[in-house]
Structure formats: C-alpha cells, structure tokens
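One file, entry-v5.json, is given below (JSON, C-alpha atoms).
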```json
[["chain", "number", "residue", "atom", "x", "y", "z"],
["A", 1, "MET", "CA", 11.26, -19.95, -23.75],
["A", 2, "THR", "CA", 13.30, -17.08, -25.14],
["A", 3, "LYS", "CA", 15.96, -15.46, -22.99],
["A", 4, "ASN", "CA", 15.92, -12.16, -24.88],
["A", 5, "PRO", "CA", 14.68, -9.44, -22.47],
["A", 6, "VAL", "CA", 13.27, -7.30, -25.30],
["A", 7, "THR", "CA", 11.14, -10.19, -26.57],
["A", 8, "ILE", "CA", 9.86, -10.86, -23.05],
["A", 9, "GLY", "CA", 9.26, -7.09, -22.76],
["A", 10, "PHE", "CA", 7.04, -7.26, -25.85],
["A", 11, "ILE", "CA", 5.06, -10.07, -24.22],
["A", 12, "LEU", "CA", 4.73, -7.92, -21.09],
["A", 13, "TYR", "CA", 3.57, -5.03, -23.29],
["A", 14, "ALA", "CA", 0.91, -7.25, -24.90],
["A", 15, "LEU", "CA", -0.36, -8.37, -21.49],
["A", 16, "THR", "CA", -0.42, -4.77, -20.21],
["A", 17, "MET", "CA", -2.43, -3.62, -23.21],
["A", 18, "LEU", "CA", -4.79, -6.59, -22.81],
["A", 19, "ALA", "CA", -5.45, -5.49, -19.22],
["A", 20, "PHE", "CA", -5.90, -1.86, -20.37],
["A", 21, "PHE", "CA", -8.48, -2.80, -22.99],
["A", 22, "VAL", "CA", -10.34, -5.20, -20.67],
["A", 23, "VAL", "CA", -10.78, -2.35, -18.20],
["A", 24, "TYR", "CA", -11.61, 0.06, -21.04],
["A", 25, "TYR", "CA", -14.30, -2.14, -22.61],
["A", 26, "PHE", "CA", -15.87, -3.65, -19.52],
["A", 27, "PHE", "CA", -15.40, -1.09, -16.75],
["A", 28, "ALA", "CA", -15.68, 2.34, -18.40],
["A", 29, "ASN", "CA", -18.50, 3.48, -16.13],
["A", 30, "ALA", "CA", -18.98, 5.69, -13.09],
["A", 31, "ASN", "CA", -16.06, 3.91, -11.37],
["A", 32, "TYR", "CA", -13.70, 3.85, -14.36],
["A", 33, "PHE", "CA", -10.94, 5.86, -12.65],
["A", 34, "GLU", "CA", -11.18, 3.85, -9.42],
["A", 35, "THR", "CA", -11.09, 0.54, -11.31],
["A", 36, "THR", "CA", -8.10, 1.74, -13.35],
["A", 37, "MET", "CA", -6.22, 2.70, -10.19],
["A", 38, "GLN", "CA", -6.92, -0.66, -8.56],
["A", 39, "VAL", "CA", -5.77, -2.58, -11.63],
["A", 40, "ASN", "CA", -2.60, -0.45, -11.82],
["A", 41, "ALA", "CA", -1.85, -0.73, -8.12],
["A", 42, "PHE", "CA", -2.42, -4.46, -7.77],
["A", 43, "GLY", "CA", -2.72, -6.19, -11.14],
["A", 44, "MET", "CA", 0.04, -4.37, -13.00],
["A", 45, "THR", "CA", 2.40, -4.47, -10.03],
["A", 46, "PHE", "CA", 1.96, -8.25, -9.80],
["A", 47, "LEU", "CA", 2.33, -8.65, -13.57],
["A", 48, "TYR", "CA", 5.56, -6.62, -13.73],
["A", 49, "VAL", "CA", 7.08, -8.39, -10.72],
["A", 50, "LEU", "CA", 6.22, -11.74, -12.27],
["A", 51, "ALA", "CA", 7.61, -10.75, -15.69],
["A", 52, "GLY", "CA", 10.87, -9.42, -14.25],
["A", 53, "PHE", "CA", 11.34, -12.51, -12.11],
["A", 54, "ALA", "CA", 10.45, -14.95, -14.90],
["A", 55, "SER", "CA", 12.71, -13.21, -17.42],
["A", 56, "THR", "CA", 15.72, -13.39, -15.12],
["A", 57, "TYR", "CA", 14.90, -16.90, -13.95],
["A", 58, "TRP", "CA", 14.80, -18.17, -17.57],
["A", 59, "LEU", "CA", 18.17, -16.51, -18.20],
["A", 60, "ARG", "CA", 19.58, -18.30, -15.15],
["A", 61, "VAL", "CA", 18.31, -21.79, -16.04],
["A", 62, "GLY", "CA", 21.27, -24.02, -16.91],
["A", 63, "THR", "CA", 23.90, -21.31, -16.46],
["A", 64, "LEU", "CA", 25.49, -19.03, -13.90],
["A", 65, "ILE", "CA", 24.69, -15.30, -14.05],
["A", 66, "THR", "CA", 26.24, -12.34, -12.26],
["A", 67, "TYR", "CA", 24.37, -9.52, -10.56],
["A", 68, "PRO", "CA", 24.87, -7.12, -13.53],
["A", 69, "GLN", "CA", 23.53, -9.74, -15.96],
["A", 70, "ALA", "CA", 20.48, -10.36, -13.77],
["A", 71, "PHE", "CA", 19.89, -6.62, -13.32],
["A", 72, "LYS", "CA", 20.16, -5.94, -17.06],
["A", 73, "GLN", "CA", 17.78, -8.81, -17.89],
["A", 74, "THR", "CA", 15.14, -7.62, -15.44],
["A", 75, "PHE", "CA", 15.42, -3.92, -16.22],
["A", 76, "LEU", "CA", 15.33, -4.33, -20.01],
["A", 77, "THR", "CA", 12.24, -6.54, -19.74],
["A", 78, "LEU", "CA", 10.39, -4.06, -17.52],
["A", 79, "PHE", "CA", 11.55, -1.00, -19.47],
["A", 80, "THR", "CA", 10.52, -2.44, -22.83],
["A", 81, "GLY", "CA", 7.07, -3.45, -21.60],
["A", 82, "GLY", "CA", 6.58, -0.19, -19.71],
["A", 83, "VAL", "CA", 7.71, 2.31, -22.33],
["A", 84, "LEU", "CA", 5.70, 0.66, -25.11],
["A", 85, "SER", "CA", 2.63, 0.55, -22.87],
["A", 86, "MET", "CA", 2.92, 4.22, -21.89],
["A", 87, "ILE", "CA", 3.33, 5.32, -25.51],
["A", 88, "SER", "CA", 0.35, 3.23, -26.61],
["A", 89, "ILE", "CA", -1.91, 4.39, -23.78],
["A", 90, "PHE", "CA", -0.89, 8.02, -24.37],
["A", 91, "ALA", "CA", -1.66, 7.74, -28.09],
["A", 92, "PHE", "CA", -4.95, 5.93, -27.50],
["A", 93, "LEU", "CA", -6.29, 8.37, -24.92],
["A", 94, "ASN", "CA", -5.14, 11.51, -26.74],
["A", 95, "TYR", "CA", -5.84, 10.59, -30.36],
["A", 96, "VAL", "CA", -8.25, 7.64, -30.53],
["A", 97, "ASP", "CA", -10.77, 8.02, -27.69],
["A", 98, "THR", "CA", -10.60, 11.45, -26.13],
["A", 99, "ASP", "CA", -13.95, 10.84, -24.40],
["A", 100, "ALA", "CA", -12.33, 8.13, -22.25],
["A", 101, "ARG", "CA", -9.52, 10.55, -21.43],
["A", 102, "ASP", "CA", -12.01, 13.26, -20.47],
["A", 103, "LEU", "CA", -13.95, 10.80, -18.32],
["A", 104, "LEU", "CA", -10.77, 9.73, -16.51],
["A", 105, "ASN", "CA", -9.71, 13.37, -16.02],
["A", 106, "HIS", "CA", -13.12, 14.31, -14.63],
["A", 107, "GLN", "CA", -13.27, 11.30, -12.30],
["A", 108, "TYR", "CA", -9.70, 11.94, -11.11],
["A", 109, "ILE", "CA", -10.49, 15.54, -10.11],
["A", 110, "GLN", "CA", -13.82, 14.47, -8.58],
["A", 111, "THR", "CA", -12.00, 11.83, -6.52],
["A", 112, "GLU", "CA", -9.57, 14.47, -5.30],
["A", 113, "LEU", "CA", -12.47, 16.75, -4.35],
["A", 114, "ASP", "CA", -14.20, 13.93, -2.46],
["A", 115, "ASN", "CA", -10.98, 13.05, -0.62],
["A", 116, "LEU", "CA", -10.42, 16.72, 0.20],
["A", 117, "ASP", "CA", -13.95, 17.07, 1.64],
["A", 118, "GLU", "CA", -13.52, 13.89, 3.69],
["A", 119, "SER", "CA", -10.16, 15.00, 5.06],
["A", 120, "TYR", "CA", -11.50, 18.48, 5.82],
["A", 121, "ALA", "CA", -14.46, 17.07, 7.76],
["A", 122, "LYS", "CA", -12.12, 14.99, 9.97],
["A", 123, "LEU", "CA", -9.66, 17.83, 10.54],
["A", 124, "LYS", "CA", -12.46, 20.28, 11.28],
["A", 125, "VAL", "CA", -13.73, 18.11, 14.13],
["A", 126, "GLU", "CA", -10.20, 17.85, 15.55],
["A", 127, "ALA", "CA", -9.60, 21.61, 15.19],
["A", 128, "ALA", "CA", -12.95, 22.45, 16.85],
["A", 129, "ASN", "CA", -11.85, 20.58, 19.98],
["A", 130, "GLN", "CA", -8.74, 22.74, 20.30],
["A", 131, "LYS", "CA", -8.80, 26.18, 21.86],
["A", 132, "ASP", "CA", -6.47, 27.69, 19.26],
["A", 133, "ARG", "CA", -8.74, 29.42, 16.72],
["A", 134, "THR", "CA", -5.83, 30.24, 14.38],
["A", 135, "LYS", "CA", -5.64, 26.54, 13.43],
["A", 136, "VAL", "CA", -9.33, 26.54, 12.51],
["A", 137, "LYS", "CA", -8.85, 29.65, 10.36],
["A", 138, "GLU", "CA", -5.73, 28.18, 8.74],
["A", 139, "LEU", "CA", -7.59, 24.93, 8.03],
["A", 140, "GLU", "CA", -10.45, 26.87, 6.40],
["A", 141, "GLU", "CA", -8.04, 28.85, 4.21],
["A", 142, "ASN", "CA", -6.12, 25.74, 3.11],
["A", 143, "TYR", "CA", -9.34, 23.86, 2.37],
["A", 144, "ASN", "CA", -10.87, 26.72, 0.37],
["A", 145, "GLY", "CA", -7.65, 27.22, -1.64],
["A", 146, "ALA", "CA", -7.29, 23.52, -2.44],
["A", 147, "LYS", "CA", -10.96, 23.16, -3.34],
["A", 148, "GLN", "CA", -10.88, 26.21, -5.57],
["A", 149, "ALA", "CA", -7.78, 24.91, -7.41],
["A", 150, "ARG", "CA", -9.49, 21.58, -8.11],
["A", 151, "GLU", "CA", -12.72, 23.24, -9.23],
["A", 152, "ILE", "CA", -10.72, 25.41, -11.65],
["A", 153, "ALA", "CA", -9.02, 22.25, -13.00],
["A", 154, "LEU", "CA", -12.47, 20.70, -13.44],
["A", 155, "LYS", "CA", -13.78, 23.73, -15.35],
["A", 156, "GLU", "CA", -10.65, 23.93, -17.53],
["A", 157, "ASN", "CA", -10.94, 20.24, -18.46],
["A", 158, "ARG", "CA", -7.26, 19.87, -17.56],
["A", 159, "ASN", "CA", -5.57, 16.97, -19.36],
["A", 160, "TYR", "CA", -3.83, 14.63, -16.94],
["A", 161, "PHE", "CA", -2.82, 12.43, -19.85],
["A", 162, "SER", "CA", -0.75, 15.06, -21.64],
["A", 163, "PHE", "CA", 2.81, 14.29, -22.68],
["A", 164, "LYS", "CA", 4.19, 16.34, -19.78],
["A", 165, "PHE", "CA", 2.08, 14.57, -17.16],
["A", 166, "MET", "CA", 2.62, 11.09, -18.63],
["A", 167, "SER", "CA", 6.39, 11.75, -18.73],
["A", 168, "ALA", "CA", 6.35, 12.55, -15.01],
["A", 169, "VAL", "CA", 4.35, 9.40, -14.29],
["A", 170, "PHE", "CA", 6.77, 7.34, -16.37],
["A", 171, "GLY", "CA", 9.63, 8.77, -14.30],
["A", 172, "GLY", "CA", 7.98, 7.21, -11.26],
["A", 173, "PHE", "CA", 7.60, 3.93, -13.14],
["A", 174, "LEU", "CA", 11.32, 4.00, -14.02],
["A", 175, "LEU", "CA", 12.13, 4.27, -10.34],
["A", 176, "PHE", "CA", 9.86, 1.28, -9.69],
["A", 177, "TYR", "CA", 11.60, -0.72, -12.47],
["A", 178, "LEU", "CA", 15.00, 0.20, -11.05],
["A", 179, "LEU", "CA", 14.12, -0.88, -7.50],
["A", 180, "LEU", "CA", 12.46, -4.05, -8.71],
["A", 181, "SER", "CA", 15.48, -4.90, -10.87],
["A", 182, "ILE", "CA", 17.83, -4.40, -7.92],
["A", 183, "ILE", "CA", 15.76, -6.73, -5.72],
["A", 184, "ILE", "CA", 15.20, -9.46, -8.32],
["A", 185, "ALA", "CA", 18.85, -9.41, -9.43],
["A", 186, "GLY", "CA", 19.93, -9.76, -5.82],
["A", 187, "PHE", "CA", 17.77, -12.87, -5.40],
["A", 188, "LEU", "CA", 18.53, -14.57, -8.70],
["A", 189, "LYS", "CA", 22.26, -14.01, -9.24],
["A", 190, "ASN", "CA", 24.14, -17.25, -8.72],
["A", 191, "LYS", "CA", 27.68, -16.30, -9.69],
["A", 192, "LYS", "CA", 30.13, -13.86, -8.19],
["A", 193, "ARG", "CA", 31.17, -11.11, -10.56],
["A", 194, "TYR", "CA", 34.81, -12.18, -10.89],
["A", 195, "GLU", "CA", 34.45, -15.97, -10.66]]
```
Can you turn what I pasted into structure tokens?
Amino acid sequence: MTKNPVTIGFILYALTMLAFFVVYYFFANANYFETTMQVNAFGMTFLYVLAGFASTYWLRVGTLITYPQAFKQTFLTLFTGGVLSMISIFAFLNYVDTDARDLLNHQYIQTELDNLDESYAKLKVEAANQKDRTKVKELEENYNGAKQAREIALKENRNYFSFKFMSAVFGGFLLFYLLLSIIIAGFLKNKKRYE
C-alpha cells in the first residue's frame, strides 16, 4: 500500500463521494436531510478516523516515525479527502442538482422548526409551574422571534450550501481533522523526536 498521504486522501475522497451519491440516489426522500446527518455523524466520522489511522499505520510499518511525521501523515490524508469532498459536494449541489440543494435546505429549516416547537412545549410546561410570569412572557417572546426567523428563512429559500456557509462548515471540519491528527499521532508515534 502507498505511504503517500495525498494518494490515501484521494482514496478517502472517492469513498466519501461514494457515500454521498449512495445517499443521494437511494435516500433522497422525505428524510433526506435526516439520513444525510446520520451518515455524516456516524459513517463519515468512522471513515475519516479509519483513514487517518490506516494512513499513519502504513507509514509506521517497518520504520520508526516521530510525532510530527505521524501528525503530518494523518492531517494531510484527512485534509486532502475533506477539501476535495467539500468542493465536489458544493459544486454538485449548487450547479448540477439545485433541486437536491433546495430539498436539503427546506428539510433543514423544517427540522429546526420542529425542534423549536418541541423545545418550546417542554419549556412552557416548566414555566407554567413557576409563579414568575416574566419567565413565561420571555419564553413566548424568544419562541416567537426564533420561529419567525426560521419562517422567513423558509420563505426566502435561504441557501445553506452557499460558499460562505460551506466555508464555515469546513472550518469546523478542519478543527476535527486537527484534533484527530493529534490523537492518532500520539498513539502511533514510535520514535522520540531527537533519537
């Protein structure tokens, strides 16, 4: 197996896009957003942990590696796979199939509205049991403001897959790659830096 982190990153990119298109072709229904979130939270997390670990482990086989070498191997693998995936998904949803993007945007806002209603119902029961009526009024105002903001976003067909939004999401992914690289490098280094 190759030890080049960029090559392994391309393999990770191919697997990420395979997962994206499996969800796109087979699960683009009323639960498309929910399925996408579950695959991202569990499937992609597992895939990226496995890829980072495997990449660094293959580098280590038959040789001694320092912490910086292990960190670089892991991070470059994850970064390559992640940045190529984000660019491809951005381009696909904004230029190839805008209906899928619109469906995801709509389902995202609808999920937020449902969660808001559920949270409000629980908090309303708790607030009704208290004697302080200012908390009930404050809860009503916060709920109405949040609901109105989400309904406006729904009417505007706000794009949560714009370059600005996707850049912010990728910033979070970079933090994940960084933390994962730190942990994996700590486990797989087998040589002191100045040995």
Which residue gives the smallest distance to Glu112 of chain A among A:Asn159, A:Ser55, A:Gln148, A:Asn190, with all atoms listed in the file counted?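 The shortest atom-to-atom distance to Glu112 of chain A comes from A:Gln148.
Using only C-alpha atoms, the smallest distance between any of A:Asn40, A:Thr2, A:Asn142, A:Ser167 and Gln73 of chain A comes from A:Thr2.
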For atom CA of Leu113 of chain A and atom CA of Glu151 of chain A, determine how far apart the two atoms are, in Å to one decimal place.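 One can read the atom CA of Leu113 of chain A to atom CA of Glu151 of chain A distance as 8.1 Å.
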Between atom CA of Asp102 of chain A and atom CA of Ser88 of chain A, measure the distance and give it in Å to one decimal. 17.1 Å
Given the point (-9.8, 21.4, 2.2) in the coordinates of this file, which residues lie within 9 Å, counting all atoms listed in the file, and how would they look as a PyMOL selection string? chain A and resi 113+115-121+139-147
Save out the residues we just selected, C-alpha atoms, as a PDB file, in the coordinates of the input.
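Contents of the output file part19.pdb:
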```pdb
ATOM      1  CA  LEU A 113     -12.470  16.750  -4.350  1.00  0.00           C
ATOM      2  CA  ASN A 115     -10.980  13.050  -0.620  1.00  0.00           C
ATOM      3  CA  LEU A 116     -10.420  16.720   0.200  1.00  0.00           C
ATOM      4  CA  ASP A 117     -13.950  17.070   1.640  1.00  0.00           C
ATOM      5  CA  GLU A 118     -13.520  13.890   3.690  1.00  0.00           C
ATOM      6  CA  SER A 119     -10.160  15.000   5.060  1.00  0.00           C
ATOM      7  CA  TYR A 120     -11.500  18.480   5.820  1.00  0.00           C
ATOM      8  CA  ALA A 121     -14.460  17.070   7.760  1.00  0.00           C
ATOM      9  CA  LEU A 139      -7.590  24.930   8.030  1.00  0.00           C
ATOM     10  CA  GLU A 140     -10.450  26.870   6.400  1.00  0.00           C
ATOM     11  CA  GLU A 141      -8.040  28.850   4.210  1.00  0.00           C
ATOM     12  CA  ASN A 142      -6.120  25.740   3.110  1.00  0.00           C
ATOM     13  CA  TYR A 143      -9.340  23.860   2.370  1.00  0.00           C
ATOM     14  CA  ASN A 144     -10.870  26.720   0.370  1.00  0.00           C
ATOM     15  CA  GLY A 145      -7.650  27.220  -1.640  1.00  0.00           C
ATOM     16  CA  ALA A 146      -7.290  23.520  -2.440  1.00  0.00           C
ATOM     17  CA  LYS A 147     -10.960  23.160  -3.340  1.00  0.00           C
TER      18      LYS A 147
END
```
Give me the residues within 12 Å of Leu59 of chain A as a list in words, counting all atoms listed in the file and dropping any in the same chain fewer than 6 places off.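 The neighbour list is Met1, Thr2, Lys3, Asn4, Pro5, Ile8, Gly52, Phe53, Ile65, Thr66, Gln69, Ala70, Phe71, Lys72, Gln73, Thr74, Thr77, Ala185, Leu188, Lys189 and Asn190 of chain A.
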Dump of C-alpha atoms for the selected residues, as a PDB file, in the frame of the given file:
```pdb
ATOM      1  CA  MET A   1      11.260 -19.950 -23.750  1.00  0.00           C
ATOM      2  CA  THR A   2      13.300 -17.080 -25.140  1.00  0.00           C
ATOM      3  CA  LYS A   3      15.960 -15.460 -22.990  1.00  0.00           C
ATOM      4  CA  ASN A   4      15.920 -12.160 -24.880  1.00  0.00           C
ATOM      5  CA  PRO A   5      14.680  -9.440 -22.470  1.00  0.00           C
ATOM      6  CA  ILE A   8       9.860 -10.860 -23.050  1.00  0.00           C
ATOM      7  CA  GLY A  52      10.870  -9.420 -14.250  1.00  0.00           C
ATOM      8  CA  PHE A  53      11.340 -12.510 -12.110  1.00  0.00           C
ATOM      9  CA  ILE A  65      24.690 -15.300 -14.050  1.00  0.00           C
ATOM     10  CA  THR A  66      26.240 -12.340 -12.260  1.00  0.00           C
ATOM     11  CA  GLN A  69      23.530  -9.740 -15.960  1.00  0.00           C
ATOM     12  CA  ALA A  70      20.480 -10.360 -13.770  1.00  0.00           C
ATOM     13  CA  PHE A  71      19.890  -6.620 -13.320  1.00  0.00           C
ATOM     14  CA  LYS A  72      20.160  -5.940 -17.060  1.00  0.00           C
ATOM     15  CA  GLN A  73      17.780  -8.810 -17.890  1.00  0.00           C
ATOM     16  CA  THR A  74      15.140  -7.620 -15.440  1.00  0.00           C
ATOM     17  CA  THR A  77      12.240  -6.540 -19.740  1.00  0.00           C
ATOM     18  CA  ALA A 185      18.850  -9.410  -9.430  1.00  0.00           C
ATOM     19  CA  LEU A 188      18.530 -14.570  -8.700  1.00  0.00           C
ATOM     20  CA  LYS A 189      22.260 -14.010  -9.240  1.00  0.00           C
ATOM     21  CA  ASN A 190      24.140 -17.250  -8.720  1.00  0.00           C
TER      22      ASN A 190
END
```
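The space separating atom CA of Phe26 of chain A from atom CA of Ala41 of chain A comes to 18.3 Å.
Compared by their closest atoms to Phe10 of chain A, and using all atoms listed in the file, the residues A:Leu154, A:Val83, A:Val23, A:Ala100 rank with A:Val83 nearest.
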8 Å contact set for segment 168-180 of chain A, all atoms listed in the file, chain neighbours under 4 positions out, as a list in words: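 The neighbour list is Val49, Gly52, Phe75, Leu78, Phe79, Gly82, Val83, Met86, Lys164 and Ile184 of chain A.
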Here is a test: counting all atoms listed in the file, which residue of A:Ala19, A:Leu12, A:Leu104, A:Ala54 is nearest to Asn31 of chain A? A:Leu104
Which residues are near Ala28 of chain A? Cut-off 12 Å, all atoms listed in the file, ignore same chain within fewer than 4 positions. Put them as an mmCIF file with C-alpha atoms, keeping the file's coordinate frame.
```
data_model
loop_
_atom_site.group_PDB
_atom_site.id
_atom_site.type_symbol
_atom_site.label_atom_id
_atom_site.label_comp_id
_atom_site.auth_asym_id
_atom_site.auth_seq_id
_atom_site.Cartn_x
_atom_site.Cartn_y
_atom_site.Cartn_z
ATOM 1 C CA PHE A 20 -5.900 -1.860 -20.370
ATOM 2 C CA PHE A 21 -8.480 -2.800 -22.990
ATOM 3 C CA VAL A 22 -10.340 -5.200 -20.670
ATOM 4 C CA VAL A 23 -10.780 -2.350 -18.200
ATOM 5 C CA TYR A 24 -11.610 0.060 -21.040
ATOM 6 C CA TYR A 32 -13.700 3.850 -14.360
ATOM 7 C CA PHE A 33 -10.940 5.860 -12.650
ATOM 8 C CA GLU A 34 -11.180 3.850 -9.420
ATOM 9 C CA THR A 35 -11.090 0.540 -11.310
ATOM 10 C CA THR A 36 -8.100 1.740 -13.350
ATOM 11 C CA ASP A 97 -10.770 8.020 -27.690
ATOM 12 C CA ASP A 99 -13.950 10.840 -24.400
ATOM 13 C CA ALA A 100 -12.330 8.130 -22.250
ATOM 14 C CA ARG A 101 -9.520 10.550 -21.430
ATOM 15 C CA ASP A 102 -12.010 13.260 -20.470
ATOM 16 C CA LEU A 103 -13.950 10.800 -18.320
ATOM 17 C CA LEU A 104 -10.770 9.730 -16.510
ATOM 18 C CA GLN A 107 -13.270 11.300 -12.300
#
```
